[in-house]
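Visitor: Dropping in start27.txt, with compact mmCIF, C-alpha atoms.
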# COMPACT_ATOMS: atom_id res chain seq x y z
CA MET R 1 0.00 0.00 0.00
CA LEU R 2 2.89 2.36 0.75
CA VAL R 3 4.29 1.57 -2.70
CA VAL R 4 0.90 2.44 -4.22
CA VAL R 5 0.97 5.79 -2.40
CA LEU R 6 4.46 6.52 -3.75
CA LEU R 7 3.46 5.48 -7.27
CA GLY R 8 0.55 7.88 -7.02
CA THR R 9 2.44 10.88 -5.67
CA LEU R 10 6.02 10.72 -7.00
CA PRO R 11 4.89 11.47 -10.60
CA LEU R 12 3.57 14.81 -9.26
CA HIS R 13 7.20 15.78 -8.76
CA ARG R 14 8.01 15.55 -12.46
CA PHE R 15 4.65 16.70 -13.73
CA TYR R 16 4.62 19.92 -11.71
CA ARG R 17 8.42 20.31 -11.86
CA LEU R 18 8.63 20.36 -8.07
CA SER R 19 11.91 20.74 -6.21
CA VAL R 20 10.87 18.82 -3.09
CA LEU R 21 13.21 15.87 -3.63
CA ARG R 22 16.12 18.18 -4.40
CA GLN R 23 15.94 19.59 -0.88
CA PRO R 24 16.77 16.53 1.21
CA LEU R 25 17.81 18.46 4.33
CA ARG R 26 14.63 20.51 4.38
CA LEU R 27 12.59 17.38 3.73
CA LEU R 28 14.30 15.63 6.63
CA ALA R 29 13.68 18.62 8.90
CA ALA R 30 10.00 18.60 7.96
CA ILE R 31 9.40 14.86 8.23
CA VAL R 32 11.47 13.83 11.26
CA PRO R 33 9.82 15.90 14.04
CA ALA R 34 6.29 14.82 13.07
CA ALA R 35 7.43 11.23 12.56
CA VAL R 36 9.05 11.09 16.01
CA LEU R 37 5.86 12.34 17.68
CA PHE R 38 3.60 9.99 15.78
CA VAL R 39 5.85 6.95 16.18
CA ALA R 40 5.89 7.62 19.93
CA TRP R 41 2.09 7.73 19.88
CA ASP R 42 1.96 4.56 17.77
CA LEU R 43 4.32 2.73 20.16
CA ALA R 44 2.27 3.78 23.21
CA ALA R 45 -1.06 2.87 21.62
CA THR R 46 0.25 -0.48 20.39
CA ALA R 47 1.75 -1.23 23.82
CA ALA R 48 -1.60 -0.35 25.42
CA GLY R 49 -3.36 -2.69 23.02
CA GLN R 50 -5.46 0.05 21.41
CA TRP R 51 -4.57 -1.41 18.02
CA HIS R 52 -2.45 -4.23 16.65
CA PHE R 53 -1.12 -5.51 13.37
CA ASP R 54 -2.11 -8.83 11.86
CA PRO R 55 1.09 -10.93 11.92
CA ALA R 56 -0.09 -12.87 8.87
CA GLN R 57 -0.31 -9.70 6.74
CA THR R 58 2.73 -7.74 7.92
CA PHE R 59 6.49 -8.33 7.89
CA ALA R 60 7.66 -10.63 10.65
CA VAL R 61 10.50 -8.26 11.52
CA ARG R 62 9.39 -6.03 14.39
CA LEU R 63 11.11 -3.10 16.02
CA TRP R 64 9.80 -2.26 19.49
CA GLY R 65 6.67 -4.21 18.66
CA LEU R 66 5.86 -2.43 15.40
CA PRO R 67 6.25 -4.03 11.98
CA LEU R 68 8.95 -2.34 9.87
CA GLU R 69 6.46 -1.00 7.34
CA GLU R 70 4.76 0.97 10.11
CA TYR R 71 7.93 3.08 10.43
CA ALA R 72 8.00 3.54 6.66
CA PHE R 73 4.41 4.78 6.91
CA PHE R 74 5.56 7.86 8.85
CA VAL R 75 7.99 8.78 6.07
CA VAL R 76 5.82 7.92 3.07
CA ILE R 77 2.57 9.58 4.20
CA PRO R 78 4.14 12.95 5.14
CA LEU R 79 6.13 12.87 1.87
CA ALA R 80 2.93 12.19 -0.09
CA GLY R 81 1.22 15.03 1.80
CA ILE R 82 4.05 17.48 1.10
CA LEU R 83 4.19 16.51 -2.60
CA THR R 84 0.43 17.05 -2.84
CA PHE R 85 0.72 20.39 -1.05
CA GLU R 86 3.47 21.59 -3.40
CA ALA R 87 1.59 20.34 -6.47
CA VAL R 88 -1.52 22.23 -5.32
CA THR R 89 0.61 25.34 -4.76
CA VAL R 90 2.06 25.15 -8.28
CA ALA R 91 -1.28 24.30 -9.90
CA GLY R 92 -2.88 27.24 -8.08
CA SER R 93 -0.25 29.69 -9.28
CA ARG R 94 -0.55 28.47 -12.88
CA ARG R 95 -4.24 29.23 -12.96
CA PRO R 96 -4.78 32.51 -11.12
CA ARG R 97 -8.18 32.67 -9.50
CA PRO R 98 -10.43 35.65 -10.19
CA MET Y 1 -6.21 7.73 27.25
CA THR Y 2 -8.42 6.32 24.51
CA TYR Y 3 -7.59 6.59 20.83
CA SER Y 4 -10.58 8.96 20.52
CA ALA Y 5 -9.13 11.41 23.07
CA ALA Y 6 -5.60 11.14 21.69
CA ALA Y 7 -6.82 11.77 18.13
CA ALA Y 8 -8.78 14.87 19.17
CA GLY Y 9 -5.73 16.09 21.10
CA ALA Y 10 -3.48 15.52 18.07
CA VAL Y 11 -5.71 17.68 15.86
CA LEU Y 12 -5.57 20.48 18.45
CA VAL Y 13 -1.78 20.19 18.77
CA ALA Y 14 -1.32 20.25 14.98
CA ILE Y 15 -3.55 23.33 14.59
CA LEU Y 16 -1.78 25.01 17.52
CA ALA Y 17 1.61 24.26 15.93
CA ASP Y 18 0.41 25.66 12.62
CA LEU Y 19 -1.11 28.86 14.01
CA VAL Y 20 0.88 29.68 17.14
CA ILE Y 21 4.20 27.83 17.26
CA LEU Y 22 5.32 27.75 13.61
CA ARG Y 23 2.99 30.59 12.53
CA THR Y 24 2.52 29.01 9.11
CA ALA Y 25 -1.29 29.51 9.23
CA LEU Y 26 -1.95 26.77 6.70
CA VAL Y 27 -5.45 26.20 8.12
CA ARG Y 28 -6.31 29.71 6.94
CA SER Y 29 -5.11 29.01 3.39
CA ARG Y 30 -6.97 27.66 0.41
CA THR Y 31 -3.90 25.65 -0.60
CA TRP Y 32 -4.02 23.57 2.59
CA TRP Y 33 -7.73 22.76 2.36
CA THR Y 34 -7.42 21.81 -1.32
CA THR Y 35 -4.47 19.59 -0.36
CA TYR Y 36 -6.41 18.01 2.49
CA GLY Y 37 -9.43 17.45 0.25
CA ILE Y 38 -7.23 15.39 -2.08
CA VAL Y 39 -5.37 13.62 0.73
CA VAL Y 40 -8.51 12.59 2.62
CA VAL Y 41 -9.98 10.84 -0.45
CA PHE Y 42 -6.84 8.75 -0.82
CA GLN Y 43 -6.69 8.16 2.92
CA LEU Y 44 -10.19 6.69 2.84
CA ILE Y 45 -9.16 4.37 0.00
CA THR Y 46 -5.77 3.23 1.34
CA ASN Y 47 -6.78 3.14 4.99
CA GLY Y 48 -9.99 1.37 4.04
CA TRP Y 49 -7.89 -1.33 2.46
CA LEU Y 50 -5.66 -1.63 5.56
CA THR Y 51 -8.55 -1.78 8.01
CA GLY Y 52 -11.09 -3.59 5.85
CA ARG Y 53 -8.72 -6.51 5.41
CA GLY Y 54 -7.92 -6.46 9.12
CA ILE Y 55 -4.24 -5.67 8.60
CA VAL Y 56 -4.68 -3.17 11.44
CA ARG Y 57 -7.26 -4.03 14.10
CA TYR Y 58 -8.54 -1.88 16.93
CA ASP Y 59 -9.55 -2.58 20.49
CA GLY Y 60 -13.24 -1.72 20.85
CA SER Y 61 -12.68 -0.01 24.20
CA ALA Y 62 -10.25 2.53 22.70
CA ILE Y 63 -12.50 3.83 19.91
CA LEU Y 64 -15.96 5.38 19.58
CA GLY Y 65 -17.27 2.33 17.73
CA SER Y 66 -16.63 -1.34 18.34
CA GLU Y 67 -14.28 -3.99 17.00
CA ARG Y 68 -16.77 -4.85 14.27
CA ILE Y 69 -15.35 -4.04 10.83
CA VAL Y 70 -18.13 -2.36 8.84
CA LEU Y 71 -18.01 -0.15 5.76
CA LEU Y 72 -19.97 2.68 7.36
CA GLY Y 73 -21.48 3.22 10.79
CA ASP Y 74 -20.59 2.08 14.31
CA GLY Y 75 -17.99 4.85 14.45
CA ARG Y 76 -16.38 3.79 11.18
CA VAL Y 77 -15.96 5.37 7.76
CA ALA Y 78 -14.65 3.19 4.93
CA TYR Y 79 -13.92 0.38 7.44
CA ALA Y 80 -11.61 2.57 9.55
CA PRO Y 81 -12.45 4.16 12.90
CA VAL Y 82 -13.28 7.88 12.49
CA GLU Y 83 -10.36 8.54 14.83
CA ASP Y 84 -8.08 7.61 11.91
CA LEU Y 85 -9.33 10.68 10.02
CA ALA Y 86 -8.19 12.90 12.88
CA PHE Y 87 -4.87 11.01 13.05
CA GLY Y 88 -4.28 11.55 9.32
CA PHE Y 89 -5.33 15.19 9.42
CA ALA Y 90 -2.93 15.93 12.28
CA LEU Y 91 -0.02 14.02 10.69
CA VAL Y 92 -0.32 15.66 7.27
CA LEU Y 93 -1.06 19.16 8.64
CA LEU Y 94 1.95 19.03 10.97
CA SER Y 95 4.21 17.72 8.18
CA CYS Y 96 3.07 20.40 5.71
CA ALA Y 97 3.37 23.15 8.34
CA LEU Y 98 6.92 22.01 9.12
CA TRP Y 99 7.67 21.89 5.40
CA VAL Y 100 6.51 25.48 4.90
CA TRP Y 101 8.27 26.59 8.09
CA THR Y 102 11.58 25.04 7.02
CA GLY Y 103 11.18 26.62 3.57
CA VAL Y 104 12.18 30.04 4.79
CA ARG Y 105 14.94 28.63 6.99
CA ILE Y 106 16.61 25.83 5.09
CA ARG Y 107 17.52 26.61 1.53
CA THR Y 108 19.48 24.52 -0.88
CA PRO Y 109 21.62 26.71 -3.13
CA GLY Y 110 19.96 27.18 -6.49
CA GLU Y 111 16.47 26.30 -5.30
CA ARG Y 112 13.47 28.54 -5.06
Starting from the coordinates I provided, produce the structure as structure tokens.

Guide:
Amino acid sequence: MLVVVLLGTLPLHRFYRLSVLRQPLRLLAAIVPAAVLFVAWDLAATAAGQWHFDPAQTFAVRLWGLPLEEYAFFVVIPLAGILTFEAVTVAGSRRPRP
Amino acid sequence: MTYSAAAAGAVLVAILADLVILRTALVRSRTWWTTYGIVVVFQLITNGWLTGRGIVRYDGSAILGSERIVLLGDGRVAYAPVEDLAFGFALVLLSCALWVWTGVRIRTPGER
């Protein structure tokens, strides 16, 4: 599913000639703080049993109780959100609103 | 704290970060709400797949609804607990606000 999200959003980068991926430091600075907060929340909620991941449908490798792809989630989803945001910004400036 | 309370708190924290801490004011911009309108559609599809197939399962005592996986109703939208919508909103808003905030502070030579 994360791959599907990337396949859906990465083409925005070329199509709208975005510079998001050419600013790795800025991208890191934007993604890491939110990811740290949300991973902490995820770890606490998983530990408290508020939700869990089906072992049969996730990677067996776990880090602090979370499947590896759950960590990737907190990189991929913010990246997809930022790419969408930048694409909307560019699309909006191309077609000035009355 | 239940998932419901944590999710509501996360939305407040994200909005507070956007308006007061980072002062990016995305929630007052058309660009953000257009972005979120697009994101939420894809969240419903992708998250619906993750929850509908039971890849992620929730404890009924932590959410507004129950453990029953239904398409709509019992506190669920597209198979996922409504709390997930708040979770997604907070995650994407905070990430975009940080992105805009870092834009005026971290510049790569040669980039706009």

Visitor: Name the residues in contact with Ala17 (chain Y) at a cut-off of 12 Å, using only C-alpha atoms, excluding same-chain residues fewer than 3 positions from it; report them as a list in words.

Guide: Pro33 and Ala34 of chain R; Ala10, Val11, Leu12, Val13, Ala14, Val20, Ile21, Leu22, Arg23, Thr24, Ala25, Leu26, Val27, Ala90, Leu91, Leu93, Leu94, Ser95, Cys96, Ala97, Leu98 and Trp101 of chain Y

Visitor: Taking all atoms listed in the file into account, name the residue in Y:Met1, Y:Leu44, Y:Val39, Y:Leu64 that is nearest to Ala80 (chain R).

Guide: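 The answer is Y:Val39, which sits nearest to Ala80 (chain R).
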
Visitor: Quick one: distance from CA of Gln23 (chain R) to CA of Ile15 (chain Y) in Å, one decimal?

Guide: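 One can read the CA of Gln23 (chain R) to CA of Ile15 (chain Y) distance as 25.2 Å.
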
Visitor: Using Å and a single decimal, report how far CA of Pro55 (chain R) sits from CA of Ile77 (chain R).

Guide: 22.0 Å

Visitor: Rank Y:Leu16, Y:Arg30, Y:Phe42, Y:Tyr79 by their smallest atom-to-atom distance to Gly54 (chain Y), using all atoms listed in the file, and report the top residue only.

Guide: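 So, comparing all the options, the nearest one is Y:Tyr79.
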
Visitor: Just need the residues of chain Y within 6 Å of chain R, counting all atoms listed in the file, so spit them out as a PyMOL selection string.

Guide: chain Y and resi 35+55-59+62+92+95-96+98-99+106

Visitor: From the options R:Ala44, R:Val3, R:Arg62, R:Val36, which residue's atoms come nearest to Tyr3 (chain Y), counting only C-alpha atoms?

Guide: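 Smallest distance to Tyr3 (chain Y) is found for R:Ala44.
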
Visitor: Provide the CA of Ile63 (chain Y) to CA of Thr2 (chain Y) distance in Å, to one decimal place.

Guide: 6.6 Å

Visitor: Which is closer to Pro67 (chain R) than all the others in R:Arg14, R:Val39, R:Ser93, R:Leu7, using only C-alpha atoms?

Guide: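 Answer, going by the shortest atom-to-atom distance: R:Val39.
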